Amino acid sequence: MNIYKNYSLKNHNTFKMDVSCDRFVEIEAETDIPAMVMKGLFREPFYILGGGSNTLFTQHYRGTIIHPIFKGIQVMEETDDHVLLAVSAGEEWSSLIDYCIEHQYYGLENLAGIPGNVGSSPVQNIGAYGVEVKDCIERVDAYYTLYGNAFSLTNEQCQFGYRNSIFKNEYKNHCLISRVWFRLSKKEHYNLSYKALADAIGNETPTLKNLVNTIINIRNNKLPDIRKIGCAGSFFKNPVVTKAQHATLLAQHPDLVSYPVDEESVKLAAGQLIEKAGWKGKRIGDAGVYDKQALVVVNYGNASPKEITQTYENVISDVKNIFDIELSPEVNIL
Ligand code: EPU
């Protein structure tokens, strides 16, 4: 493991916030984890950081940032139909997608282009274009940060929900995810339920490669290139409201987009609410809301954490005033 003191986080968060932390610990091997627990590294305030693509640092972090960098993709089981892969937390998500294309494994392709590392993927159950990562997760291996002992959770035990899991609730700050097991199909099949994706594929015969390219094109047209513009993807979750609330809202705003959730509730598109509140493309100094997708709060250059915070707080309060809906951030704010 590598330990750095008073370490800059500027290159470890896609929002490009120029902040630092008291201590930054890179875990190079899973076997280092029990020793880290012995050293007390998990006993003070700590935060586990993957690719830094879903975190907004608003100030210097007074504690330890733990950064797993151990990589590896292992085939644990294989049949004619399926393959079971165990993937280490520090593996980049994009490398796993490349691996799946190379080996013709189906299931994760709609999640192409999502930044970040494999270890973070179950935490908020990443999702896009009709697929959530929970659809392919068999189990998640982790370590308790209090005792250093390993444990494993089945898909069901992870309590996955929309941008949610046990790792954001009961296990928050209590465990470090070390490996994620994915059950992927070897039989060719695609999920084209998302209309814009089906439209873009059109009459072409889908293949893993052209589907991934199409998704990356859709993303490039809507979402900022994180190499150029600081952001953390969708900043807010799409809000879930009751059917009664939805009916009241529809009377005033008949064009509101919604998706069924269950008998009692529907999900609205936060991007549309933010756009209607006049925030799409709005920029104050270097902070703002992206002009092609209002769900994304952006740092156009050198925005300070305070400017980003003011921006997202103003968005929340304007949406609340107009629609009486309280948007919740999807990103972790520290
Ligand atoms: N919309 C607007 N204005 C906007 C943005 C969206 O009116 O500025 C409307 C669109 O017209 C559409 C609806 O809102 O009718 C939904 O938009 P979109 O399909 O772009 O998806 P989203 O709900 O805004 C979610 C995920 C994205 C994911 C896309 C595609 C969340 C919080 N976000 O966005 O995930 O890529 O669906 O599946 O659920 C991320 O989490 O970082 C992320 C980018």
# chains A, B, ... in the order shown; residues from 1 in each chain; ligands from 1
>>> closest_atom_pairs(of="chain A", to="ligand 1", cutoff="9 Å", atoms="only C-alpha atoms and all ligand atoms", output="CSV")
residue,atom,partner,partner_atom_place_in_ligand_line,distance
A:Ser53,CA,ligand 1,42 (O),8.6
A:Asn54,CA,ligand 1,42 (O),7.7
A:Asn110,CA,ligand 1,38 (O),8.7
A:Leu111,CA,ligand 1,36 (O),8.3
A:Ile114,CA,ligand 1,42 (O),7.4
A:Pro115,CA,ligand 1,42 (O),8.6
A:Gln124,CA,ligand 1,41 (O),8.9
A:Ile126,CA,ligand 1,41 (O),6.5
A:Gly127,CA,ligand 1,35 (O),6.2
A:Ala128,CA,ligand 1,38 (O),3.3
A:Tyr129,CA,ligand 1,38 (O),3.7
A:Gly130,CA,ligand 1,38 (O),6.0
A:Val131,CA,ligand 1,38 (O),7.7
A:Tyr162,CA,ligand 1,39 (O),7.7
A:Arg163,CA,ligand 1,39 (O),7.1
A:Tyr194,CA,ligand 1,38 (O),7.4
A:Lys195,CA,ligand 1,19 (O),8.9
A:Ala196,CA,ligand 1,19 (O),7.9
A:Arg219,CA,ligand 1,36 (O),7.0
A:Lys222,CA,ligand 1,20 (O),7.2
A:Leu223,CA,ligand 1,44 (C),7.0
A:Ala232,CA,ligand 1,42 (O),6.5
A:Gly233,CA,ligand 1,42 (O),3.6
A:Ser234,CA,ligand 1,42 (O),3.8
A:Phe235,CA,ligand 1,42 (O),6.9
A:Phe236,CA,ligand 1,32 (C),5.6
A:Lys237,CA,ligand 1,32 (C),4.1
A:Asn238,CA,ligand 1,32 (C),5.1
A:Pro239,CA,ligand 1,32 (C),8.7
A:Leu256,CA,ligand 1,7 (O),8.3
A:Val257,CA,ligand 1,15 (O),5.5
A:Ser258,CA,ligand 1,13 (C),8.0
A:Leu268,CA,ligand 1,14 (O),7.9
A:Ala269,CA,ligand 1,14 (O),4.5
A:Ala270,CA,ligand 1,24 (O),6.5
A:Gly271,CA,ligand 1,5 (C),3.7
A:Gln272,CA,ligand 1,7 (O),3.4
A:Leu273,CA,ligand 1,7 (O),7.2
A:Ile274,CA,ligand 1,8 (O),6.9
A:Glu275,CA,ligand 1,8 (O),5.3
A:Lys276,CA,ligand 1,7 (O),7.9
A:Trp279,CA,ligand 1,8 (O),8.9
A:Lys280,CA,ligand 1,8 (O),6.1
A:Gly281,CA,ligand 1,8 (O),8.8
A:Tyr290,CA,ligand 1,8 (O),8.0
A:Asp291,CA,ligand 1,8 (O),7.4
A:Lys292,CA,ligand 1,8 (O),6.0
A:Gln293,CA,ligand 1,8 (O),3.8
A:Ala294,CA,ligand 1,8 (O),3.6
A:Leu295,CA,ligand 1,24 (O),6.0
A:Val296,CA,ligand 1,44 (C),7.8
A:Pro329,CA,ligand 1,32 (C),8.8
A:Glu330,CA,ligand 1,32 (C),6.6
A:Val331,CA,ligand 1,42 (O),8.5
>>> select_by_dssp(residues="segment 154-319 of chain A", states="strand (DSSP E)", output="count of residues only")
32
>>> select_by_dssp(residues="segment 128-312 of chain A", states="helix (DSSP H, G or I)", output="PDB file with N, CA, C and O atoms, in the first residue's frame")
ATOM      1  N   VAL A 133     -26.797  -2.333 -13.364  1.00  0.00           N
ATOM      2  CA  VAL A 133     -25.729  -3.309 -13.163  1.00  0.00           C
ATOM      3  C   VAL A 133     -26.222  -4.501 -12.329  1.00  0.00           C
ATOM      4  O   VAL A 133     -25.732  -5.620 -12.474  1.00  0.00           O
ATOM      5  N   LYS A 134     -27.228  -4.268 -11.473  1.00  0.00           N
ATOM      6  CA  LYS A 134     -27.771  -5.363 -10.640  1.00  0.00           C
ATOM      7  C   LYS A 134     -28.283  -6.527 -11.495  1.00  0.00           C
ATOM      8  O   LYS A 134     -28.315  -7.665 -11.040  1.00  0.00           O
ATOM      9  N   ASP A 135     -28.663  -6.227 -12.741  1.00  0.00           N
ATOM     10  CA  ASP A 135     -29.184  -7.279 -13.621  1.00  0.00           C
ATOM     11  C   ASP A 135     -28.120  -8.348 -13.896  1.00  0.00           C
ATOM     12  O   ASP A 135     -28.455  -9.463 -14.292  1.00  0.00           O
ATOM     13  N   GLU A 156     -29.350 -10.547  -3.921  1.00  0.00           N
ATOM     14  CA  GLU A 156     -30.524 -10.177  -3.123  1.00  0.00           C
ATOM     15  C   GLU A 156     -30.130  -9.422  -1.858  1.00  0.00           C
ATOM     16  O   GLU A 156     -30.766  -8.441  -1.476  1.00  0.00           O
ATOM     17  N   GLN A 157     -29.061  -9.906  -1.220  1.00  0.00           N
ATOM     18  CA  GLN A 157     -28.618  -9.262   0.024  1.00  0.00           C
ATOM     19  C   GLN A 157     -28.107  -7.835  -0.213  1.00  0.00           C
ATOM     20  O   GLN A 157     -28.047  -7.042   0.712  1.00  0.00           O
ATOM     21  N   CYS A 158     -27.735  -7.524  -1.445  1.00  0.00           N
ATOM     22  CA  CYS A 158     -27.250  -6.166  -1.751  1.00  0.00           C
ATOM     23  C   CYS A 158     -28.388  -5.143  -1.736  1.00  0.00           C
ATOM     24  O   CYS A 158     -28.139  -3.939  -1.746  1.00  0.00           O
ATOM     25  N   ILE A 166     -27.472  -1.589  -0.430  1.00  0.00           N
ATOM     26  CA  ILE A 166     -27.125  -1.672   0.999  1.00  0.00           C
ATOM     27  C   ILE A 166     -25.837  -0.882   1.284  1.00  0.00           C
ATOM     28  O   ILE A 166     -25.621  -0.397   2.386  1.00  0.00           O
ATOM     29  N   PHE A 167     -24.999  -0.739   0.239  1.00  0.00           N
ATOM     30  CA  PHE A 167     -23.714  -0.048   0.431  1.00  0.00           C
ATOM     31  C   PHE A 167     -23.872   1.460   0.612  1.00  0.00           C
ATOM     32  O   PHE A 167     -22.946   2.144   1.020  1.00  0.00           O
ATOM     33  N   LYS A 168     -25.064   1.968   0.262  1.00  0.00           N
ATOM     34  CA  LYS A 168     -25.326   3.395   0.486  1.00  0.00           C
ATOM     35  C   LYS A 168     -26.075   3.600   1.791  1.00  0.00           C
ATOM     36  O   LYS A 168     -26.338   4.727   2.180  1.00  0.00           O
ATOM     37  N   LYS A 195     -35.817   3.863 -26.180  1.00  0.00           N
ATOM     38  CA  LYS A 195     -36.240   4.224 -27.535  1.00  0.00           C
ATOM     39  C   LYS A 195     -35.115   4.872 -28.360  1.00  0.00           C
ATOM     40  O   LYS A 195     -34.885   4.501 -29.513  1.00  0.00           O
ATOM     41  N   ALA A 196     -34.407   5.815 -27.747  1.00  0.00           N
ATOM     42  CA  ALA A 196     -33.355   6.513 -28.503  1.00  0.00           C
ATOM     43  C   ALA A 196     -32.273   5.539 -28.990  1.00  0.00           C
ATOM     44  O   ALA A 196     -31.663   5.750 -30.036  1.00  0.00           O
ATOM     45  N   LEU A 197     -32.095   4.459 -28.235  1.00  0.00           N
ATOM     46  CA  LEU A 197     -31.091   3.463 -28.621  1.00  0.00           C
ATOM     47  C   LEU A 197     -31.607   2.642 -29.807  1.00  0.00           C
ATOM     48  O   LEU A 197     -30.896   2.469 -30.811  1.00  0.00           O
ATOM     49  N   ALA A 198     -32.853   2.179 -29.697  1.00  0.00           N
ATOM     50  CA  ALA A 198     -33.460   1.406 -30.797  1.00  0.00           C
ATOM     51  C   ALA A 198     -33.487   2.264 -32.069  1.00  0.00           C
ATOM     52  O   ALA A 198     -33.142   1.779 -33.161  1.00  0.00           O
ATOM     53  N   ASP A 199     -33.848   3.549 -31.926  1.00  0.00           N
ATOM     54  CA  ASP A 199     -33.897   4.445 -33.093  1.00  0.00           C
ATOM     55  C   ASP A 199     -32.513   4.596 -33.721  1.00  0.00           C
ATOM     56  O   ASP A 199     -32.370   4.594 -34.940  1.00  0.00           O
ATOM     57  N   ALA A 200     -31.505   4.741 -32.869  1.00  0.00           N
ATOM     58  CA  ALA A 200     -30.151   4.961 -33.392  1.00  0.00           C
ATOM     59  C   ALA A 200     -29.618   3.712 -34.089  1.00  0.00           C
ATOM     60  O   ALA A 200     -28.901   3.799 -35.085  1.00  0.00           O
ATOM     61  N   ILE A 201     -29.981   2.547 -33.589  1.00  0.00           N
ATOM     62  CA  ILE A 201     -29.535   1.295 -34.227  1.00  0.00           C
ATOM     63  C   ILE A 201     -30.296   1.103 -35.547  1.00  0.00           C
ATOM     64  O   ILE A 201     -29.751   0.637 -36.547  1.00  0.00           O
ATOM     65  N   LEU A 208     -22.199  -6.435 -30.428  1.00  0.00           N
ATOM     66  CA  LEU A 208     -21.723  -5.788 -29.198  1.00  0.00           C
ATOM     67  C   LEU A 208     -20.983  -4.506 -29.539  1.00  0.00           C
ATOM     68  O   LEU A 208     -21.175  -3.467 -28.911  1.00  0.00           O
ATOM     69  N   LYS A 209     -20.169  -4.576 -30.572  1.00  0.00           N
ATOM     70  CA  LYS A 209     -19.338  -3.431 -30.916  1.00  0.00           C
ATOM     71  C   LYS A 209     -20.155  -2.243 -31.403  1.00  0.00           C
ATOM     72  O   LYS A 209     -19.973  -1.115 -30.936  1.00  0.00           O
ATOM     73  N   ASN A 210     -21.114  -2.492 -32.325  1.00  0.00           N
ATOM     74  CA  ASN A 210     -21.848  -1.326 -32.816  1.00  0.00           C
ATOM     75  C   ASN A 210     -22.832  -0.785 -31.778  1.00  0.00           C
ATOM     76  O   ASN A 210     -23.105   0.412 -31.727  1.00  0.00           O
ATOM     77  N   LEU A 211     -23.302  -1.659 -30.890  1.00  0.00           N
ATOM     78  CA  LEU A 211     -24.185  -1.174 -29.823  1.00  0.00           C
ATOM     79  C   LEU A 211     -23.397  -0.263 -28.871  1.00  0.00           C
ATOM     80  O   LEU A 211     -23.848   0.828 -28.507  1.00  0.00           O
ATOM     81  N   VAL A 212     -22.219  -0.718 -28.495  1.00  0.00           N
ATOM     82  CA  VAL A 212     -21.377   0.092 -27.594  1.00  0.00           C
ATOM     83  C   VAL A 212     -21.035   1.428 -28.264  1.00  0.00           C
ATOM     84  O   VAL A 212     -21.134   2.493 -27.641  1.00  0.00           O
ATOM     85  N   ASN A 213     -20.686   1.376 -29.546  1.00  0.00           N
ATOM     86  CA  ASN A 213     -20.363   2.637 -30.252  1.00  0.00           C
ATOM     87  C   ASN A 213     -21.572   3.560 -30.296  1.00  0.00           C
ATOM     88  O   ASN A 213     -21.444   4.769 -30.108  1.00  0.00           O
ATOM     89  N   THR A 214     -22.751   2.979 -30.535  1.00  0.00           N
ATOM     90  CA  THR A 214     -23.975   3.793 -30.597  1.00  0.00           C
ATOM     91  C   THR A 214     -24.244   4.442 -29.242  1.00  0.00           C
ATOM     92  O   THR A 214     -24.581   5.625 -29.162  1.00  0.00           O
ATOM     93  N   ILE A 215     -24.087   3.664 -28.172  1.00  0.00           N
ATOM     94  CA  ILE A 215     -24.329   4.210 -26.832  1.00  0.00           C
ATOM     95  C   ILE A 215     -23.331   5.325 -26.523  1.00  0.00           C
ATOM     96  O   ILE A 215     -23.697   6.384 -26.004  1.00  0.00           O
ATOM     97  N   ILE A 216     -22.095   5.105 -26.890  1.00  0.00           N
ATOM     98  CA  ILE A 216     -21.082   6.139 -26.617  1.00  0.00           C
ATOM     99  C   ILE A 216     -21.416   7.405 -27.415  1.00  0.00           C
ATOM    100  O   ILE A 216     -21.289   8.521 -26.900  1.00  0.00           O
ATOM    101  N   ASN A 217     -21.935   7.235 -28.639  1.00  0.00           N
ATOM    102  CA  ASN A 217     -22.358   8.420 -29.416  1.00  0.00           C
ATOM    103  C   ASN A 217     -23.507   9.143 -28.743  1.00  0.00           C
ATOM    104  O   ASN A 217     -23.506  10.374 -28.656  1.00  0.00           O
ATOM    105  N   ILE A 218     -24.502   8.374 -28.274  1.00  0.00           N
ATOM    106  CA  ILE A 218     -25.654   9.003 -27.591  1.00  0.00           C
ATOM    107  C   ILE A 218     -25.142   9.774 -26.369  1.00  0.00           C
ATOM    108  O   ILE A 218     -25.510  10.914 -26.121  1.00  0.00           O
ATOM    109  N   ARG A 219     -24.281   9.119 -25.609  1.00  0.00           N
ATOM    110  CA  ARG A 219     -23.748   9.778 -24.403  1.00  0.00           C
ATOM    111  C   ARG A 219     -22.975  11.035 -24.773  1.00  0.00           C
ATOM    112  O   ARG A 219     -23.129  12.076 -24.133  1.00  0.00           O
ATOM    113  N   ASN A 220     -22.134  10.934 -25.819  1.00  0.00           N
ATOM    114  CA  ASN A 220     -21.330  12.104 -26.206  1.00  0.00           C
ATOM    115  C   ASN A 220     -22.199  13.280 -26.622  1.00  0.00           C
ATOM    116  O   ASN A 220     -21.821  14.430 -26.447  1.00  0.00           O
ATOM    117  N   ASN A 221     -23.379  12.964 -27.192  1.00  0.00           N
ATOM    118  CA  ASN A 221     -24.265  14.049 -27.621  1.00  0.00           C
ATOM    119  C   ASN A 221     -25.000  14.701 -26.458  1.00  0.00           C
ATOM    120  O   ASN A 221     -25.512  15.804 -26.598  1.00  0.00           O
ATOM    121  N   LYS A 222     -25.105  13.984 -25.333  1.00  0.00           N
ATOM    122  CA  LYS A 222     -25.896  14.519 -24.220  1.00  0.00           C
ATOM    123  C   LYS A 222     -25.069  14.906 -23.007  1.00  0.00           C
ATOM    124  O   LYS A 222     -25.455  15.769 -22.234  1.00  0.00           O
ATOM    125  N   LYS A 243     -48.931   8.785  -7.386  1.00  0.00           N
ATOM    126  CA  LYS A 243     -49.765   8.978  -8.582  1.00  0.00           C
ATOM    127  C   LYS A 243     -50.655  10.208  -8.415  1.00  0.00           C
ATOM    128  O   LYS A 243     -50.915  10.930  -9.375  1.00  0.00           O
ATOM    129  N   ALA A 244     -51.088  10.459  -7.169  1.00  0.00           N
ATOM    130  CA  ALA A 244     -51.953  11.621  -6.906  1.00  0.00           C
ATOM    131  C   ALA A 244     -51.171  12.914  -7.169  1.00  0.00           C
ATOM    132  O   ALA A 244     -51.662  13.836  -7.833  1.00  0.00           O
ATOM    133  N   GLN A 245     -49.946  12.946  -6.666  1.00  0.00           N
ATOM    134  CA  GLN A 245     -49.078  14.115  -6.879  1.00  0.00           C
ATOM    135  C   GLN A 245     -48.816  14.314  -8.372  1.00  0.00           C
ATOM    136  O   GLN A 245     -48.841  15.430  -8.882  1.00  0.00           O
ATOM    137  N   HIS A 246     -48.616  13.196  -9.058  1.00  0.00           N
ATOM    138  CA  HIS A 246     -48.364  13.241 -10.488  1.00  0.00           C
ATOM    139  C   HIS A 246     -49.560  13.843 -11.231  1.00  0.00           C
ATOM    140  O   HIS A 246     -49.403  14.697 -12.105  1.00  0.00           O
ATOM    141  N   ALA A 247     -50.763  13.418 -10.832  1.00  0.00           N
ATOM    142  CA  ALA A 247     -51.976  13.922 -11.493  1.00  0.00           C
ATOM    143  C   ALA A 247     -52.091  15.445 -11.296  1.00  0.00           C
ATOM    144  O   ALA A 247     -52.417  16.179 -12.236  1.00  0.00           O
ATOM    145  N   THR A 248     -51.804  15.918 -10.096  1.00  0.00           N
ATOM    146  CA  THR A 248     -51.863  17.359  -9.818  1.00  0.00           C
ATOM    147  C   THR A 248     -50.848  18.107 -10.690  1.00  0.00           C
ATOM    148  O   THR A 248     -51.153  19.144 -11.286  1.00  0.00           O
ATOM    149  N   LEU A 249     -49.642  17.532 -10.768  1.00  0.00           N
ATOM    150  CA  LEU A 249     -48.581  18.176 -11.561  1.00  0.00           C
ATOM    151  C   LEU A 249     -48.952  18.219 -13.045  1.00  0.00           C
ATOM    152  O   LEU A 249     -48.731  19.213 -13.733  1.00  0.00           O
ATOM    153  N   LEU A 250     -49.541  17.091 -13.515  1.00  0.00           N
ATOM    154  CA  LEU A 250     -49.900  17.004 -14.939  1.00  0.00           C
ATOM    155  C   LEU A 250     -50.937  18.051 -15.336  1.00  0.00           C
ATOM    156  O   LEU A 250     -50.919  18.553 -16.464  1.00  0.00           O
ATOM    157  N   ALA A 251     -51.812  18.376 -14.372  1.00  0.00           N
ATOM    158  CA  ALA A 251     -52.843  19.372 -14.668  1.00  0.00           C
ATOM    159  C   ALA A 251     -52.182  20.718 -15.004  1.00  0.00           C
ATOM    160  O   ALA A 251     -52.663  21.458 -15.851  1.00  0.00           O
ATOM    161  N   GLN A 252     -51.074  20.991 -14.338  1.00  0.00           N
ATOM    162  CA  GLN A 252     -50.375  22.270 -14.593  1.00  0.00           C
ATOM    163  C   GLN A 252     -49.332  22.164 -15.705  1.00  0.00           C
ATOM    164  O   GLN A 252     -49.056  23.123 -16.406  1.00  0.00           O
ATOM    165  N   ALA A 270     -35.883  14.336 -13.748  1.00  0.00           N
ATOM    166  CA  ALA A 270     -35.354  15.532 -13.076  1.00  0.00           C
ATOM    167  C   ALA A 270     -34.819  16.527 -14.101  1.00  0.00           C
ATOM    168  O   ALA A 270     -34.973  17.746 -13.944  1.00  0.00           O
ATOM    169  N   GLY A 271     -34.219  16.001 -15.184  1.00  0.00           N
ATOM    170  CA  GLY A 271     -33.657  16.898 -16.214  1.00  0.00           C
ATOM    171  C   GLY A 271     -34.732  17.819 -16.786  1.00  0.00           C
ATOM    172  O   GLY A 271     -34.494  19.010 -17.010  1.00  0.00           O
ATOM    173  N   GLN A 272     -35.906  17.268 -16.982  1.00  0.00           N
ATOM    174  CA  GLN A 272     -36.994  18.080 -17.543  1.00  0.00           C
ATOM    175  C   GLN A 272     -37.461  19.145 -16.535  1.00  0.00           C
ATOM    176  O   GLN A 272     -37.731  20.292 -16.906  1.00  0.00           O
ATOM    177  N   LEU A 273     -37.552  18.753 -15.266  1.00  0.00           N
ATOM    178  CA  LEU A 273     -37.987  19.715 -14.238  1.00  0.00           C
ATOM    179  C   LEU A 273     -36.976  20.864 -14.140  1.00  0.00           C
ATOM    180  O   LEU A 273     -37.349  22.034 -14.041  1.00  0.00           O
ATOM    181  N   ILE A 274     -35.694  20.515 -14.202  1.00  0.00           N
ATOM    182  CA  ILE A 274     -34.640  21.531 -14.083  1.00  0.00           C
ATOM    183  C   ILE A 274     -34.668  22.445 -15.317  1.00  0.00           C
ATOM    184  O   ILE A 274     -34.533  23.666 -15.215  1.00  0.00           O
ATOM    185  N   GLU A 275     -34.905  21.819 -16.473  1.00  0.00           N
ATOM    186  CA  GLU A 275     -35.005  22.613 -17.706  1.00  0.00           C
ATOM    187  C   GLU A 275     -36.181  23.598 -17.601  1.00  0.00           C
ATOM    188  O   GLU A 275     -36.053  24.782 -17.892  1.00  0.00           O
ATOM    189  N   LYS A 276     -37.325  23.098 -17.148  1.00  0.00           N
ATOM    190  CA  LYS A 276     -38.509  23.955 -17.016  1.00  0.00           C
ATOM    191  C   LYS A 276     -38.292  25.057 -15.977  1.00  0.00           C
ATOM    192  O   LYS A 276     -38.926  26.105 -16.042  1.00  0.00           O
ATOM    193  N   PRO A 305     -15.602  24.964  -4.978  1.00  0.00           N
ATOM    194  CA  PRO A 305     -16.636  24.119  -4.387  1.00  0.00           C
ATOM    195  C   PRO A 305     -17.852  24.949  -3.966  1.00  0.00           C
ATOM    196  O   PRO A 305     -18.993  24.503  -4.103  1.00  0.00           O
ATOM    197  N   LYS A 306     -17.589  26.193  -3.493  1.00  0.00           N
ATOM    198  CA  LYS A 306     -18.704  27.041  -3.037  1.00  0.00           C
ATOM    199  C   LYS A 306     -19.632  27.392  -4.211  1.00  0.00           C
ATOM    200  O   LYS A 306     -20.860  27.357  -4.071  1.00  0.00           O
ATOM    201  N   GLU A 307     -19.044  27.700  -5.361  1.00  0.00           N
ATOM    202  CA  GLU A 307     -19.878  28.050  -6.532  1.00  0.00           C
ATOM    203  C   GLU A 307     -20.717  26.861  -6.986  1.00  0.00           C
ATOM    204  O   GLU A 307     -21.884  27.006  -7.353  1.00  0.00           O
ATOM    205  N   ILE A 308     -20.103  25.670  -6.984  1.00  0.00           N
ATOM    206  CA  ILE A 308     -20.849  24.471  -7.391  1.00  0.00           C
ATOM    207  C   ILE A 308     -21.979  24.218  -6.391  1.00  0.00           C
ATOM    208  O   ILE A 308     -23.120  23.918  -6.769  1.00  0.00           O
ATOM    209  N   THR A 309     -21.665  24.382  -5.113  1.00  0.00           N
ATOM    210  CA  THR A 309     -22.669  24.148  -4.072  1.00  0.00           C
ATOM    211  C   THR A 309     -23.833  25.124  -4.224  1.00  0.00           C
ATOM    212  O   THR A 309     -25.001  24.729  -4.161  1.00  0.00           O
ATOM    213  N   GLN A 310     -23.503  26.406  -4.442  1.00  0.00           N
ATOM    214  CA  GLN A 310     -24.578  27.400  -4.619  1.00  0.00           C
ATOM    215  C   GLN A 310     -25.452  27.037  -5.808  1.00  0.00           C
ATOM    216  O   GLN A 310     -26.678  27.141  -5.765  1.00  0.00           O
ATOM    217  N   THR A 311     -24.811  26.589  -6.896  1.00  0.00           N
ATOM    218  CA  THR A 311     -25.561  26.238  -8.105  1.00  0.00           C
ATOM    219  C   THR A 311     -26.546  25.111  -7.825  1.00  0.00           C
ATOM    220  O   THR A 311     -27.730  25.221  -8.114  1.00  0.00           O
ATOM    221  N   TYR A 312     -26.047  24.018  -7.238  1.00  0.00           N
ATOM    222  CA  TYR A 312     -26.978  22.895  -7.070  1.00  0.00           C
ATOM    223  C   TYR A 312     -28.048  23.214  -6.025  1.00  0.00           C
ATOM    224  O   TYR A 312     -29.195  22.778  -6.158  1.00  0.00           O
TER     225      TYR A 312
END
>>> residues_around(residues="Pro122 of chain A", least_positions_apart="6", cutoff="12 Å", atoms="only C-alpha atoms", output="MDAnalysis selection string")
chainID A and resid 50 89 93 116 132:142 153:155 157:168 176:182
>>> write_last_selection(atoms="C-alpha atoms", output="PDB file, in the first residue's frame")
ATOM      1  CA  GLY A  50     -12.997   4.714  -6.805  1.00  0.00           C
ATOM      2  CA  ALA A  89     -12.554  -3.270  -7.409  1.00  0.00           C
ATOM      3  CA  TRP A  93     -15.346   0.017 -15.774  1.00  0.00           C
ATOM      4  CA  GLY A 116     -15.476   4.989 -12.784  1.00  0.00           C
ATOM      5  CA  GLU A 132     -28.914  -1.602 -14.298  1.00  0.00           C
ATOM      6  CA  VAL A 133     -25.729  -3.309 -13.163  1.00  0.00           C
ATOM      7  CA  LYS A 134     -27.771  -5.363 -10.640  1.00  0.00           C
ATOM      8  CA  ASP A 135     -29.184  -7.279 -13.621  1.00  0.00           C
ATOM      9  CA  CYS A 136     -25.767  -8.952 -14.056  1.00  0.00           C
ATOM     10  CA  ILE A 137     -24.333  -9.005 -10.518  1.00  0.00           C
ATOM     11  CA  GLU A 138     -24.157 -12.452  -8.922  1.00  0.00           C
ATOM     12  CA  ARG A 139     -22.446 -11.404  -5.706  1.00  0.00           C
ATOM     13  CA  VAL A 140     -20.223  -8.761  -4.147  1.00  0.00           C
ATOM     14  CA  ASP A 141     -17.127  -9.528  -2.035  1.00  0.00           C
ATOM     15  CA  ALA A 142     -16.091  -7.022   0.603  1.00  0.00           C
ATOM     16  CA  LEU A 153     -23.279 -10.702  -0.305  1.00  0.00           C
ATOM     17  CA  THR A 154     -25.609 -12.280  -2.818  1.00  0.00           C
ATOM     18  CA  ASN A 155     -27.427 -10.074  -5.306  1.00  0.00           C
ATOM     19  CA  GLN A 157     -28.618  -9.262   0.024  1.00  0.00           C
ATOM     20  CA  CYS A 158     -27.250  -6.166  -1.751  1.00  0.00           C
ATOM     21  CA  GLN A 159     -30.815  -4.716  -1.666  1.00  0.00           C
ATOM     22  CA  PHE A 160     -30.440  -3.032  -5.026  1.00  0.00           C
ATOM     23  CA  GLY A 161     -32.837  -0.273  -5.990  1.00  0.00           C
ATOM     24  CA  TYR A 162     -32.824   2.697  -8.340  1.00  0.00           C
ATOM     25  CA  ARG A 163     -29.377   4.252  -7.762  1.00  0.00           C
ATOM     26  CA  ASN A 164     -29.346   2.539  -4.398  1.00  0.00           C
ATOM     27  CA  SER A 165     -28.024  -0.486  -2.488  1.00  0.00           C
ATOM     28  CA  ILE A 166     -27.125  -1.672   0.999  1.00  0.00           C
ATOM     29  CA  PHE A 167     -23.714  -0.048   0.431  1.00  0.00           C
ATOM     30  CA  LYS A 168     -25.326   3.395   0.486  1.00  0.00           C
ATOM     31  CA  LEU A 176     -14.741  -1.942   1.341  1.00  0.00           C
ATOM     32  CA  ILE A 177     -15.889  -3.692  -1.822  1.00  0.00           C
ATOM     33  CA  SER A 178     -13.049  -5.842  -3.144  1.00  0.00           C
ATOM     34  CA  ARG A 179     -14.582  -7.832  -6.014  1.00  0.00           C
ATOM     35  CA  VAL A 180     -17.784  -7.915  -7.995  1.00  0.00           C
ATOM     36  CA  TRP A 181     -19.004 -11.163  -9.573  1.00  0.00           C
ATOM     37  CA  PHE A 182     -20.873 -10.776 -12.849  1.00  0.00           C
TER      38      PHE A 182
END
>>> closest_residue(among="A:Glu102, A:Pro34, A:Thr55, A:Pro45", to="Ile333 of chain A", atoms="only C-alpha atoms")
A:Thr55
>>> residues_around(residues="His103 of chain A", least_positions_apart="4", cutoff="9 Å", atoms="only C-alpha atoms", output="number ranges by chain")
A: 98-99, 186
>>> write_last_selection(atoms="all heavy atoms", output="CSV table (one decimal), in the first residue's frame")
chain,number,residue,atom,x,y,z
A,98,ASP,N,-14.6,-3.4,-22.4
A,98,ASP,CA,-13.7,-3.8,-23.6
A,98,ASP,C,-13.5,-5.3,-23.5
A,98,ASP,O,-13.5,-6.0,-24.5
A,98,ASP,CB,-12.3,-3.1,-23.5
A,98,ASP,CG,-12.4,-1.7,-23.8
A,98,ASP,OD1,-13.4,-1.2,-24.3
A,98,ASP,OD2,-11.4,-0.9,-23.4
A,99,TYR,N,-13.3,-5.9,-22.3
A,99,TYR,CA,-13.1,-7.3,-22.1
A,99,TYR,C,-14.3,-8.1,-22.6
A,99,TYR,O,-14.2,-9.1,-23.3
A,99,TYR,CB,-12.8,-7.6,-20.6
A,99,TYR,CG,-12.6,-9.0,-20.3
A,99,TYR,CD1,-11.3,-9.5,-20.2
A,99,TYR,CD2,-13.6,-9.8,-19.9
A,99,TYR,CE1,-11.1,-10.8,-19.8
A,99,TYR,CE2,-13.4,-11.2,-19.6
A,99,TYR,CZ,-12.1,-11.7,-19.5
A,99,TYR,OH,-11.9,-13.0,-19.2
A,186,LYS,N,-23.4,-15.9,-22.8
A,186,LYS,CA,-22.6,-16.1,-24.0
A,186,LYS,C,-23.4,-16.2,-25.2
A,186,LYS,O,-22.9,-16.3,-26.3
A,186,LYS,CB,-21.7,-17.4,-23.8
A,186,LYS,CG,-20.6,-17.2,-22.8
A,186,LYS,CD,-19.9,-18.5,-22.5
A,186,LYS,CE,-19.1,-19.1,-23.6
A,186,LYS,NZ,-18.4,-20.3,-23.1
